[in-house]
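Visitor: I am sharing run_4.cif, which consists of mmCIF, C-alpha atoms:
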```cif
data_protein
loop_
_atom_site.label_atom_id
_atom_site.label_comp_id
_atom_site.auth_asym_id
_atom_site.auth_seq_id
_atom_site.Cartn_x
_atom_site.Cartn_y
_atom_site.Cartn_z
CA GLU Q 1 0.00 0.00 0.00
CA GLU Q 2 1.10 3.60 0.47
CA ARG Q 3 4.71 3.75 1.65
CA VAL Q 4 5.84 5.75 4.66
CA SER Q 5 9.30 6.95 5.68
CA ASP Q 6 10.55 7.00 2.08
CA GLY Q 7 13.54 9.06 3.16
CA TYR Q 8 15.25 6.04 4.72
CA LEU Q 9 14.79 4.02 1.53
CA GLU Q 10 16.35 6.83 -0.52
CA MET Q 11 19.26 7.07 1.94
CA THR Q 12 19.93 3.34 1.63
CA LEU Q 13 19.88 3.40 -2.16
CA ASP Q 14 22.18 6.42 -2.20
CA LEU Q 15 24.61 4.64 0.13
CA VAL Q 16 24.86 1.40 -1.87
CA GLN Q 17 25.21 3.30 -5.13
CA ARG Q 18 28.01 5.47 -3.74
CA ALA Q 19 29.68 2.25 -2.63
CA GLY Q 20 29.69 1.12 -6.26
CA MET Q 21 26.68 -1.19 -6.43
CA LYS Q 22 24.27 -1.17 -9.34
CA VAL Q 23 20.61 -0.64 -8.57
CA THR Q 24 17.76 -0.78 -11.05
CA ARG Q 25 14.51 0.99 -10.19
CA ASN Q 26 11.22 0.36 -11.93
CA GLU Q 27 7.79 1.73 -11.11
CA ASN Q 28 6.99 -0.93 -8.51
CA SER Q 29 10.29 -2.65 -7.82
CA ILE Q 30 13.96 -2.23 -6.96
CA SER Q 31 16.48 -4.77 -8.24
CA ILE Q 32 20.03 -5.27 -6.92
CA PRO Q 33 21.95 -7.93 -8.90
CA ALA Q 34 23.69 -10.60 -6.84
CA PHE Q 35 27.46 -11.13 -6.41
CA GLN Q 36 28.39 -7.46 -6.77
CA LYS Q 37 31.68 -6.29 -5.29
CA ILE Q 38 32.10 -3.05 -3.36
CA ASN Q 39 34.85 -0.95 -4.98
CA LEU Q 40 35.47 1.42 -2.05
CA THR Q 41 37.65 0.84 1.01
CA GLU Q 42 35.88 3.53 3.05
CA ILE Q 43 32.79 5.70 2.80
CA GLN Q 44 31.66 8.70 4.80
CA ILE Q 45 28.15 8.64 6.24
CA GLU Q 46 26.15 11.33 8.00
CA PRO Q 47 25.88 11.68 11.77
CA ASP Q 48 22.61 10.33 13.17
CA VAL Q 49 20.08 13.17 13.15
CA SER Q 50 17.58 11.28 15.32
CA SER Q 51 20.14 11.16 18.15
CA ALA Q 52 20.89 14.84 17.62
CA PHE Q 53 17.17 15.54 17.99
CA VAL Q 54 17.12 13.83 21.39
CA VAL Q 55 19.95 16.04 22.65
CA ALA Q 56 18.34 19.15 21.16
CA SER Q 57 15.07 18.32 22.91
CA PHE Q 58 16.81 18.29 26.29
CA ALA Q 59 18.20 21.73 25.47
CA ALA Q 60 14.80 23.01 24.29
CA GLY Q 61 13.21 21.86 27.53
CA ARG Q 62 15.79 22.87 30.08
CA GLY Q 63 19.23 23.88 28.86
CA ASN Q 64 21.62 24.50 25.98
CA CYS Q 65 23.48 22.41 23.41
CA GLU Q 66 25.71 22.63 20.37
CA LEU Q 67 25.21 20.05 17.62
CA GLN Q 68 28.56 19.98 15.89
CA ASN Q 69 29.20 18.77 12.32
CA PHE Q 70 25.48 18.87 11.61
CA PRO Q 71 24.42 17.54 8.16
CA PHE Q 72 22.48 20.58 6.97
CA GLU Q 73 21.66 19.06 3.57
CA SER Q 74 20.71 15.70 5.04
CA MET Q 75 18.51 13.08 3.38
CA GLN Q 76 17.45 11.89 6.83
CA PRO Q 77 13.74 12.56 7.43
CA ASP Q 78 14.37 13.40 11.09
CA VAL Q 79 16.12 16.62 10.06
CA ARG Q 80 12.60 18.08 10.06
CA PHE Q 81 12.98 18.67 13.77
CA ILE Q 82 14.74 21.94 12.91
CA GLU Q 83 11.56 23.11 11.16
CA PHE Q 84 9.45 21.97 14.13
CA PHE Q 85 11.64 23.78 16.66
CA LYS Q 86 11.32 27.05 14.77
CA LYS Q 87 7.52 26.72 14.80
CA MET Q 88 7.64 25.90 18.52
CA ASN Q 89 9.67 29.03 19.30
CA VAL Q 90 12.73 27.03 20.36
CA PRO Q 91 15.79 29.29 20.00
CA LEU Q 92 18.12 27.88 17.33
CA GLU Q 93 21.01 29.52 15.55
CA ARG Q 94 23.39 28.21 12.95
CA ILE Q 95 27.02 28.91 13.78
CA GLY Q 96 29.52 27.53 11.27
CA ASN Q 97 28.89 23.80 10.97
CA SER Q 98 26.79 23.64 14.14
CA TRP Q 99 23.28 24.22 15.36
CA VAL Q 100 23.21 25.87 18.78
CA GLY Q 101 19.97 25.40 20.71
CA HIS Q 102 18.66 26.98 23.91
CA CYS Q 103 15.77 26.51 26.32
CA ALA Q 104 12.42 27.75 25.01
CA ARG Q 105 10.97 30.09 27.61
CA GLU Q 106 7.57 30.28 25.89
CA MET Q 107 7.18 27.12 23.83
CA ARG Q 108 4.40 27.13 21.27
CA PRO Q 109 2.22 24.10 20.48
CA LEU Q 110 2.69 22.25 17.20
CA GLU Q 111 0.36 20.69 14.65
CA THR Q 112 2.13 18.50 12.11
CA THR Q 113 2.34 15.20 10.27
CA LEU Q 114 5.11 12.76 11.15
CA LYS Q 115 4.49 10.48 8.18
CA GLY Q 116 8.10 10.55 7.06
CA ALA Q 117 9.78 10.86 10.46
CA PRO Q 118 8.00 8.59 12.97
CA ASP Q 119 11.10 8.12 15.13
CA LEU Q 120 10.64 11.66 16.46
CA PHE Q 121 7.25 10.82 17.95
CA PRO Q 122 7.90 9.70 21.58
CA VAL Q 123 10.40 12.43 22.48
CA LEU Q 124 8.49 15.12 20.60
CA CYS Q 125 5.29 14.26 22.48
CA VAL Q 126 7.04 14.65 25.84
CA LEU Q 127 8.65 17.92 24.74
CA LEU Q 128 5.25 19.28 23.68
CA THR Q 129 3.99 18.86 27.24
CA ARG Q 130 6.02 22.03 27.91
CA ALA Q 131 4.13 24.03 25.28
CA ARG Q 132 1.20 26.21 26.21
CA GLY Q 133 -1.77 25.02 24.20
CA THR Q 134 -2.94 22.02 22.20
CA SER Q 135 -0.58 20.09 19.92
CA VAL Q 136 -1.66 17.57 17.29
CA ILE Q 137 0.52 14.96 15.59
CA TYR Q 138 -1.02 12.86 12.82
CA ASP Q 139 -0.16 10.46 9.97
CA THR Q 140 1.70 7.98 12.17
CA PRO Q 141 0.07 4.58 11.41
CA GLN Q 142 3.48 2.86 11.36
CA LEU Q 143 4.12 3.54 15.06
CA ILE Q 144 2.44 0.31 16.14
CA TYR Q 145 5.01 -1.71 14.16
CA LYS Q 146 8.16 -0.25 15.74
CA GLU Q 147 10.27 -1.84 18.50
CA SER Q 148 7.17 -1.34 20.64
CA ASP Q 149 3.68 -0.05 19.93
CA ARG Q 150 4.98 3.51 20.23
CA LEU Q 151 1.56 5.12 20.08
CA LYS Q 152 0.32 3.02 22.99
CA LYS Q 153 3.52 3.31 25.03
CA THR Q 154 3.81 7.07 24.54
CA SER Q 155 0.22 7.42 25.70
CA GLU Q 156 1.09 5.30 28.75
CA LEU Q 157 3.97 7.65 29.60
CA LEU Q 158 1.76 10.72 29.20
CA GLN Q 159 -0.83 9.11 31.49
CA LEU Q 160 1.83 8.55 34.15
CA MET Q 161 2.79 12.21 33.72
CA ARG Q 162 -0.92 13.11 34.05
CA VAL Q 163 -0.88 14.99 30.78
CA LYS Q 164 -4.30 15.34 29.21
CA HIS Q 165 -4.22 13.79 25.74
CA GLU Q 166 -6.27 11.81 23.23
CA VAL Q 167 -4.97 8.94 21.11
CA GLN Q 168 -6.47 9.16 17.64
CA THR Q 169 -6.61 6.71 14.73
CA SER Q 170 -3.06 7.44 13.60
CA GLY Q 171 -1.83 10.17 15.86
CA ILE Q 172 -2.28 12.01 19.14
CA ARG Q 173 -3.67 15.24 20.56
CA ILE Q 174 -1.86 16.72 23.56
CA GLU Q 175 -3.25 19.45 25.82
CA SER Q 176 -0.63 20.85 28.11
CA LEU Q 177 -0.71 23.38 30.92
CA ASN Q 178 3.07 23.26 31.40
CA ARG Q 179 2.99 21.84 34.92
CA HIS Q 180 3.69 18.46 36.51
CA HIS Q 181 3.15 16.40 39.66
CA PHE Q 182 5.72 15.06 42.10
CA GLU Q 183 4.45 11.54 42.86
CA PHE Q 184 6.90 8.72 42.11
CA PHE Q 185 6.19 6.29 39.26
CA GLU Q 186 7.99 3.70 37.14
CA PHE Q 187 7.99 3.52 33.36
CA ASP Q 188 8.82 0.47 31.26
CA PRO Q 189 10.06 1.44 27.75
CA ASP Q 190 9.27 -2.09 26.53
CA HIS Q 191 12.74 -2.65 25.03
CA ASP Q 192 12.38 0.49 22.90
CA HIS Q 193 15.27 2.97 22.92
CA ARG Q 194 13.07 5.86 21.75
CA LEU Q 195 10.69 5.34 24.67
CA ALA Q 196 13.65 5.36 27.07
CA PHE Q 197 14.76 8.70 25.59
CA ALA Q 198 11.22 10.06 26.06
CA GLY Q 199 11.15 8.88 29.67
CA ALA Q 200 14.53 10.47 30.33
CA LEU Q 201 13.28 13.77 28.97
CA ALA Q 202 10.25 13.60 31.26
CA LYS Q 203 12.53 12.88 34.20
CA SER Q 204 14.65 15.89 33.32
CA PHE Q 205 11.53 18.04 33.66
CA GLY Q 206 11.32 17.11 37.34
CA TYR Q 207 9.12 14.02 37.40
CA ARG Q 208 10.10 11.57 40.12
CA MET Q 209 10.37 8.38 38.10
CA LYS Q 210 12.40 5.25 37.43
CA ILE Q 211 13.03 4.04 33.88
CA LYS Q 212 13.22 0.26 33.74
CA ASN Q 213 15.87 -1.44 31.58
CA PRO Q 214 17.79 1.78 30.80
CA GLU Q 215 20.31 -0.22 28.77
CA VAL Q 216 17.87 -0.32 25.82
CA VAL Q 217 19.45 2.95 24.62
CA ASN Q 218 22.49 0.93 23.53
CA LYS Q 219 20.75 0.12 20.25
CA SER Q 220 21.31 3.63 18.89
CA PHE Q 221 22.95 5.84 21.53
CA PRO Q 222 25.23 3.91 23.96
CA ASP Q 223 26.66 7.09 25.52
CA PHE Q 224 23.24 8.64 26.15
CA TRP Q 225 23.13 8.39 29.94
CA GLU Q 226 26.70 9.64 30.33
CA LEU Q 227 25.97 12.57 28.08
CA ILE Q 228 22.84 13.82 29.85
CA ASP Q 229 23.98 13.05 33.39
CA PRO Q 230 27.80 13.22 33.53
#
```
Let me see the structure of the file written as structure tokens.

Guide:
Amino acid sequence: EERVSDGYLEMTLDLVQRAGMKVTRNENSISIPAFQKINLTEIQIEPDVSSAFVVASFAAGRGNCELQNFPFESMQPDVRFIEFFKKMNVPLERIGNSWVGHCAREMRPLETTLKGAPDLFPVLCVLLTRARGTSVIYDTPQLIYKESDRLKKTSELLQLMRVKHEVQTSGIRIESLNRHHFEFFEFDPDHDHRLAFAGALAKSFGYRMKIKNPEVVNKSFPDFWELIDP
């Protein structure tokens, strides 16, 4: 049926072609002949923008950061977070090859599709609890097929945070008053690194919580806990 997250497919095809492989594309198929040999000894790939987004979200919520060597012309769909931050009134400035981000004192709500960048969903939802007003994220049917059912698990985290929200057919509506409670709770990210990042962001906002199985971040960001809590 209709494809989602096409950006990752295009990135993969670009990578294998730069490595010297032949790829044939037709209207409904992609063919890669067998027994090809890579003719490069090394290849440069972009830094992971989804991990950069996690760090930037911590800065937007409560601090500052500098994202060095940022791929400004990236094919990665998650680079859209720069566009989102500008709409949300998160201070960002480009300095040389870096984005420098700061805490948003008056964060605005956001209404957007995440069809091409579903990995942003859990952390973005938690960040939007700091905005004043109603945020809506839609076009995310693929979330239920990720490492966890991310729509369900993100809703569970928001419930524990006592954030008023409504899960919709393929998205979520979040109503935030920019305040939180101080009762202790535990959150299980269900073996999903992105849910662990979202829980960590909530904890950084002052929620008294324990994140179970914190080692799940090793899938994409092994140094995460050291970076945010040195």

Visitor: From the options Q:Asp190, Q:Leu120, Q:Ile137, Q:Ser74, which residue's atoms come nearest to Glu166 in chain Q, counting all atoms listed in the file?

Guide: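 For Glu166 in chain Q, the nearest of the candidates is Q:Ile137.
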
Visitor: Would you list the residues near (5.3, -0.7, 25.7), meaning any protein, DNA or RNA residue with an atom at most 7 Å from that point in file coordinates, counting all atoms listed in the file, as a ChimeraX atom specification?

Guide: /Q:148-150,152-153,188-190

Visitor: Please measure the separation of CA of His102 in chain Q and CA of Leu143 in chain Q, giving the value in Å to one decimal.

Guide: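 Those two atoms sit 29.0 Å apart.
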
Visitor: At what distance in Å, to one decimal, does CA of Met161 in chain Q lie from CA of Phe205 in chain Q?

Guide: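 Going from CA of Phe205 in chain Q over to CA of Met161 in chain Q, I get 10.5 Å.
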
Visitor: Could you tell me how far CA of Ser170 in chain Q lies from CA of Ser220 in chain Q, in Å and to one decimal?

Guide: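 We find that CA of Ser170 in chain Q and CA of Ser220 in chain Q lie 25.2 Å from each other.
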
Visitor: Of the candidates Q:Leu114, Q:Ala52, Q:Ala131, Q:Ala196, which one gets nearest to Thr154 in chain Q if we count only C-alpha atoms?

Guide: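 Of Q:Leu114, Q:Ala52, Q:Ala131, Q:Ala196, the one nearest Thr154 in chain Q is Q:Ala196, counting only C-alpha atoms.
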
Visitor: Restricting the calculation to all atoms listed in the file: of Q:Ile172, Q:Val216, Q:Val123, Q:Ile43, which residue gets closest to Val55 in chain Q?

Guide: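 Counting all atoms listed in the file, the residue closest to Val55 in chain Q is Q:Val123.
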
Visitor: My list of candidates is Q:Glu93, Q:Asp78, Q:Val100, Q:Asp139. Which is closest to Thr113 in chain Q when distances are computed with only C-alpha atoms?

Guide: Q:Asp139

Visitor: Taking the file above as input, evaluate the PyMOL selection byres ((chain Q and resi 45) around 12) and report the hits as an mmCIF file with C-alpha atoms, keeping the file's coordinate frame.

Guide:
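And here is the file that came out, result.cif:
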```
data_model
loop_
_atom_site.group_PDB
_atom_site.id
_atom_site.type_symbol
_atom_site.label_atom_id
_atom_site.label_comp_id
_atom_site.auth_asym_id
_atom_site.auth_seq_id
_atom_site.Cartn_x
_atom_site.Cartn_y
_atom_site.Cartn_z
ATOM 1 C CA MET Q 11 19.260 7.070 1.940
ATOM 2 C CA THR Q 12 19.930 3.340 1.630
ATOM 3 C CA ASP Q 14 22.180 6.420 -2.200
ATOM 4 C CA LEU Q 15 24.610 4.640 0.130
ATOM 5 C CA VAL Q 16 24.860 1.400 -1.870
ATOM 6 C CA ARG Q 18 28.010 5.470 -3.740
ATOM 7 C CA ALA Q 19 29.680 2.250 -2.630
ATOM 8 C CA GLU Q 42 35.880 3.530 3.050
ATOM 9 C CA ILE Q 43 32.790 5.700 2.800
ATOM 10 C CA GLN Q 44 31.660 8.700 4.800
ATOM 11 C CA GLU Q 46 26.150 11.330 8.000
ATOM 12 C CA PRO Q 47 25.880 11.680 11.770
ATOM 13 C CA ASP Q 48 22.610 10.330 13.170
ATOM 14 C CA VAL Q 49 20.080 13.170 13.150
ATOM 15 C CA ASN Q 69 29.200 18.770 12.320
ATOM 16 C CA PHE Q 70 25.480 18.870 11.610
ATOM 17 C CA PRO Q 71 24.420 17.540 8.160
ATOM 18 C CA SER Q 74 20.710 15.700 5.040
ATOM 19 C CA MET Q 75 18.510 13.080 3.380
ATOM 20 C CA GLN Q 76 17.450 11.890 6.830
#
```

Visitor: For Ala59 in chain Q, which residue out of Q:Ile38, Q:Ile211, Q:Val90, Q:Ala202 is the nearest one, using only C-alpha atoms?

Guide: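 Once distances to Ala59 in chain Q are computed over only C-alpha atoms, the minimum belongs to Q:Val90.
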
Visitor: Just so the selection is clear, what residues does the PyMOL selection byres ((chain Q and resi 175) around 9) cover here, as a PyMOL selection string?

Guide: chain Q and resi 109+128-129+131-136+163-166+173-174+176-177

Visitor: So that I can see what lies close to Glu83 in chain Q, please list as a list in words the residues with an atom at most 12 Å from it, counting all atoms listed in the file and leaving out residues fewer than 3 positions away in the same chain.

Guide: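 After dropping sequence-adjacent residues, the list is Phe53, Phe72, Pro77, Asp78, Val79, Arg80, Lys86, Lys87, Met88, Asn89, Val90, Pro91, Leu92, Leu110, Glu111 and Thr112 of chain Q.
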
Visitor: Can you pull out every residue within 7 Å of Gln68 in chain Q, counting all atoms listed in the file, but drop anything in the same chain fewer than 3 positions away, and send it as a VMD selection string?

Guide: chain Q and resid 97 to 99

Visitor: What does the file look like for those residues with C-alpha atoms, as a PDB file, keeping the file's coordinate frame?

Guide:
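New file again.pdb:
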```
ATOM      1  CA  ASN Q  97      28.890  23.800  10.970  1.00  0.00           C
ATOM      2  CA  SER Q  98      26.790  23.640  14.140  1.00  0.00           C
ATOM      3  CA  TRP Q  99      23.280  24.220  15.360  1.00  0.00           C
TER       4      TRP Q  99
END
```

Visitor: Which residue is closest to Ala104 in chain Q? Choose from Q:Ala117, Q:Val217, Q:Leu67, Q:Ala56 and count all atoms listed in the file.

Guide: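 Smallest separation from Ala104 in chain Q among the options: Q:Ala56.
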
Visitor: With a distance cut-off of 9 Å and only C-alpha atoms, select the neighbouring residues of Lys115 in chain Q, excluding the residue or stretch itself and same-chain residues fewer than 2 positions from it, and output the selection as a list in words.

Guide: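 Here the qualifying residues turn out to be Val4, Ser5, Thr113, Ala117, Pro118, Tyr138, Asp139, Thr140, Pro141 and Gln142 of chain Q.
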
Visitor: Hey, what's within 12 Å of Leu227 in chain Q if we count all atoms listed in the file and toss same-chain stuff fewer than 4 positions away? As a list in words, please?

Guide: Ser51, Ala52, Val54, Val55, Phe58, Cys65, Ala200, Phe221, Pro222 and Asp223 of chain Q

Visitor: Do you know which residues are at most 9 Å from Leu127 in chain Q counting all atoms listed in the file, after dropping those on the same chain fewer than 5 positions away, and could you put them as an mmCIF file with C-alpha atoms, in the frame of the given file?

Guide:
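out.cif, freshly written:
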```cif
data_model
loop_
_atom_site.group_PDB
_atom_site.id
_atom_site.type_symbol
_atom_site.label_atom_id
_atom_site.label_comp_id
_atom_site.auth_asym_id
_atom_site.auth_seq_id
_atom_site.Cartn_x
_atom_site.Cartn_y
_atom_site.Cartn_z
ATOM 1 C CA SER Q 57 15.070 18.320 22.910
ATOM 2 C CA PHE Q 58 16.810 18.290 26.290
ATOM 3 C CA ALA Q 60 14.800 23.010 24.290
ATOM 4 C CA GLY Q 61 13.210 21.860 27.530
ATOM 5 C CA PRO Q 122 7.900 9.700 21.580
ATOM 6 C CA ALA Q 198 11.220 10.060 26.060
ATOM 7 C CA LEU Q 201 13.280 13.770 28.970
ATOM 8 C CA ALA Q 202 10.250 13.600 31.260
#
```

Visitor: All heavy atoms are what I want for range 193-204 of chain Q; can you complete it accordingly and write them as an mmCIF file, keeping the file's coordinate frame?

Guide:
```cif
data_model
loop_
_atom_site.group_PDB
_atom_site.id
_atom_site.type_symbol
_atom_site.label_atom_id
_atom_site.label_comp_id
_atom_site.auth_asym_id
_atom_site.auth_seq_id
_atom_site.Cartn_x
_atom_site.Cartn_y
_atom_site.Cartn_z
ATOM 1 N N HIS Q 193 14.342 1.882 22.588
ATOM 2 C CA HIS Q 193 15.270 2.970 22.920
ATOM 3 C C HIS Q 193 14.599 4.333 22.846
ATOM 4 O O HIS Q 193 14.881 5.222 23.651
ATOM 5 C CB HIS Q 193 16.490 2.915 21.998
ATOM 6 C CG HIS Q 193 16.179 2.875 20.536
ATOM 7 N ND1 HIS Q 193 17.019 3.385 19.571
ATOM 8 C CD2 HIS Q 193 15.121 2.379 19.840
ATOM 9 C CE1 HIS Q 193 16.519 3.207 18.366
ATOM 10 N NE2 HIS Q 193 15.358 2.588 18.509
ATOM 11 N N ARG Q 194 13.704 4.551 21.884
ATOM 12 C CA ARG Q 194 13.070 5.860 21.750
ATOM 13 C C ARG Q 194 12.142 6.162 22.930
ATOM 14 O O ARG Q 194 12.005 7.308 23.340
ATOM 15 C CB ARG Q 194 12.287 5.937 20.448
ATOM 16 C CG ARG Q 194 13.109 5.499 19.250
ATOM 17 C CD ARG Q 194 13.487 6.624 18.355
ATOM 18 N NE ARG Q 194 14.307 6.153 17.263
ATOM 19 C CZ ARG Q 194 15.507 6.601 16.948
ATOM 20 N NH1 ARG Q 194 16.047 7.567 17.658
ATOM 21 N NH2 ARG Q 194 16.190 6.117 15.927
ATOM 22 N N LEU Q 195 11.525 5.132 23.489
ATOM 23 C CA LEU Q 195 10.690 5.340 24.670
ATOM 24 C C LEU Q 195 11.546 5.640 25.899
ATOM 25 O O LEU Q 195 11.152 6.420 26.771
ATOM 26 C CB LEU Q 195 9.812 4.119 24.924
ATOM 27 C CG LEU Q 195 8.405 4.132 24.317
ATOM 28 C CD1 LEU Q 195 7.577 5.278 24.867
ATOM 29 C CD2 LEU Q 195 8.419 4.181 22.813
ATOM 30 N N ALA Q 196 12.735 5.044 25.968
ATOM 31 C CA ALA Q 196 13.650 5.360 27.070
ATOM 32 C C ALA Q 196 14.102 6.805 26.982
ATOM 33 O O ALA Q 196 14.190 7.507 27.998
ATOM 34 C CB ALA Q 196 14.851 4.411 27.038
ATOM 35 N N PHE Q 197 14.392 7.295 25.764
ATOM 36 C CA PHE Q 197 14.760 8.700 25.590
ATOM 37 C C PHE Q 197 13.621 9.604 26.059
ATOM 38 O O PHE Q 197 13.843 10.620 26.732
ATOM 39 C CB PHE Q 197 15.053 9.010 24.121
ATOM 40 C CG PHE Q 197 16.198 8.240 23.536
ATOM 41 C CD1 PHE Q 197 16.171 7.848 22.200
ATOM 42 C CD2 PHE Q 197 17.306 7.908 24.292
ATOM 43 C CE1 PHE Q 197 17.237 7.134 21.642
ATOM 44 C CE2 PHE Q 197 18.373 7.200 23.747
ATOM 45 C CZ PHE Q 197 18.335 6.818 22.412
ATOM 46 N N ALA Q 198 12.379 9.245 25.682
ATOM 47 C CA ALA Q 198 11.220 10.060 26.060
ATOM 48 C C ALA Q 198 11.059 10.082 27.582
ATOM 49 O O ALA Q 198 10.777 11.134 28.169
ATOM 50 C CB ALA Q 198 9.962 9.505 25.397
ATOM 51 N N GLY Q 199 11.238 8.928 28.221
ATOM 52 C CA GLY Q 199 11.150 8.880 29.670
ATOM 53 C C GLY Q 199 12.229 9.721 30.339
ATOM 54 O O GLY Q 199 11.978 10.411 31.333
ATOM 55 N N ALA Q 200 13.429 9.674 29.778
ATOM 56 C CA ALA Q 200 14.530 10.470 30.330
ATOM 57 C C ALA Q 200 14.232 11.956 30.221
ATOM 58 O O ALA Q 200 14.559 12.733 31.130
ATOM 59 C CB ALA Q 200 15.829 10.130 29.619
ATOM 60 N N LEU Q 201 13.621 12.363 29.124
ATOM 61 C CA LEU Q 201 13.280 13.770 28.970
ATOM 62 C C LEU Q 201 12.244 14.176 30.003
ATOM 63 O O LEU Q 201 12.349 15.243 30.620
ATOM 64 C CB LEU Q 201 12.744 14.035 27.555
ATOM 65 C CG LEU Q 201 12.382 15.485 27.235
ATOM 66 C CD1 LEU Q 201 13.590 16.409 27.365
ATOM 67 C CD2 LEU Q 201 11.781 15.591 25.819
ATOM 68 N N ALA Q 202 11.251 13.325 30.228
ATOM 69 C CA ALA Q 202 10.250 13.600 31.260
ATOM 70 C C ALA Q 202 10.908 13.725 32.633
ATOM 71 O O ALA Q 202 10.594 14.629 33.422
ATOM 72 C CB ALA Q 202 9.185 12.508 31.272
ATOM 73 N N LYS Q 203 11.837 12.826 32.910
ATOM 74 C CA LYS Q 203 12.530 12.880 34.200
ATOM 75 C C LYS Q 203 13.321 14.167 34.346
ATOM 76 O O LYS Q 203 13.388 14.747 35.439
ATOM 77 C CB LYS Q 203 13.463 11.666 34.320
ATOM 78 C CG LYS Q 203 14.088 11.507 35.692
ATOM 79 C CD LYS Q 203 14.849 10.193 35.805
ATOM 80 C CE LYS Q 203 15.427 10.021 37.211
ATOM 81 N NZ LYS Q 203 16.137 8.712 37.343
ATOM 82 N N SER Q 204 13.888 14.650 33.255
ATOM 83 C CA SER Q 204 14.650 15.890 33.320
ATOM 84 C C SER Q 204 13.771 17.096 33.622
ATOM 85 O O SER Q 204 14.251 18.122 34.087
ATOM 86 C CB SER Q 204 15.401 16.126 31.999
ATOM 87 O OG SER Q 204 14.533 16.611 30.984
#
```
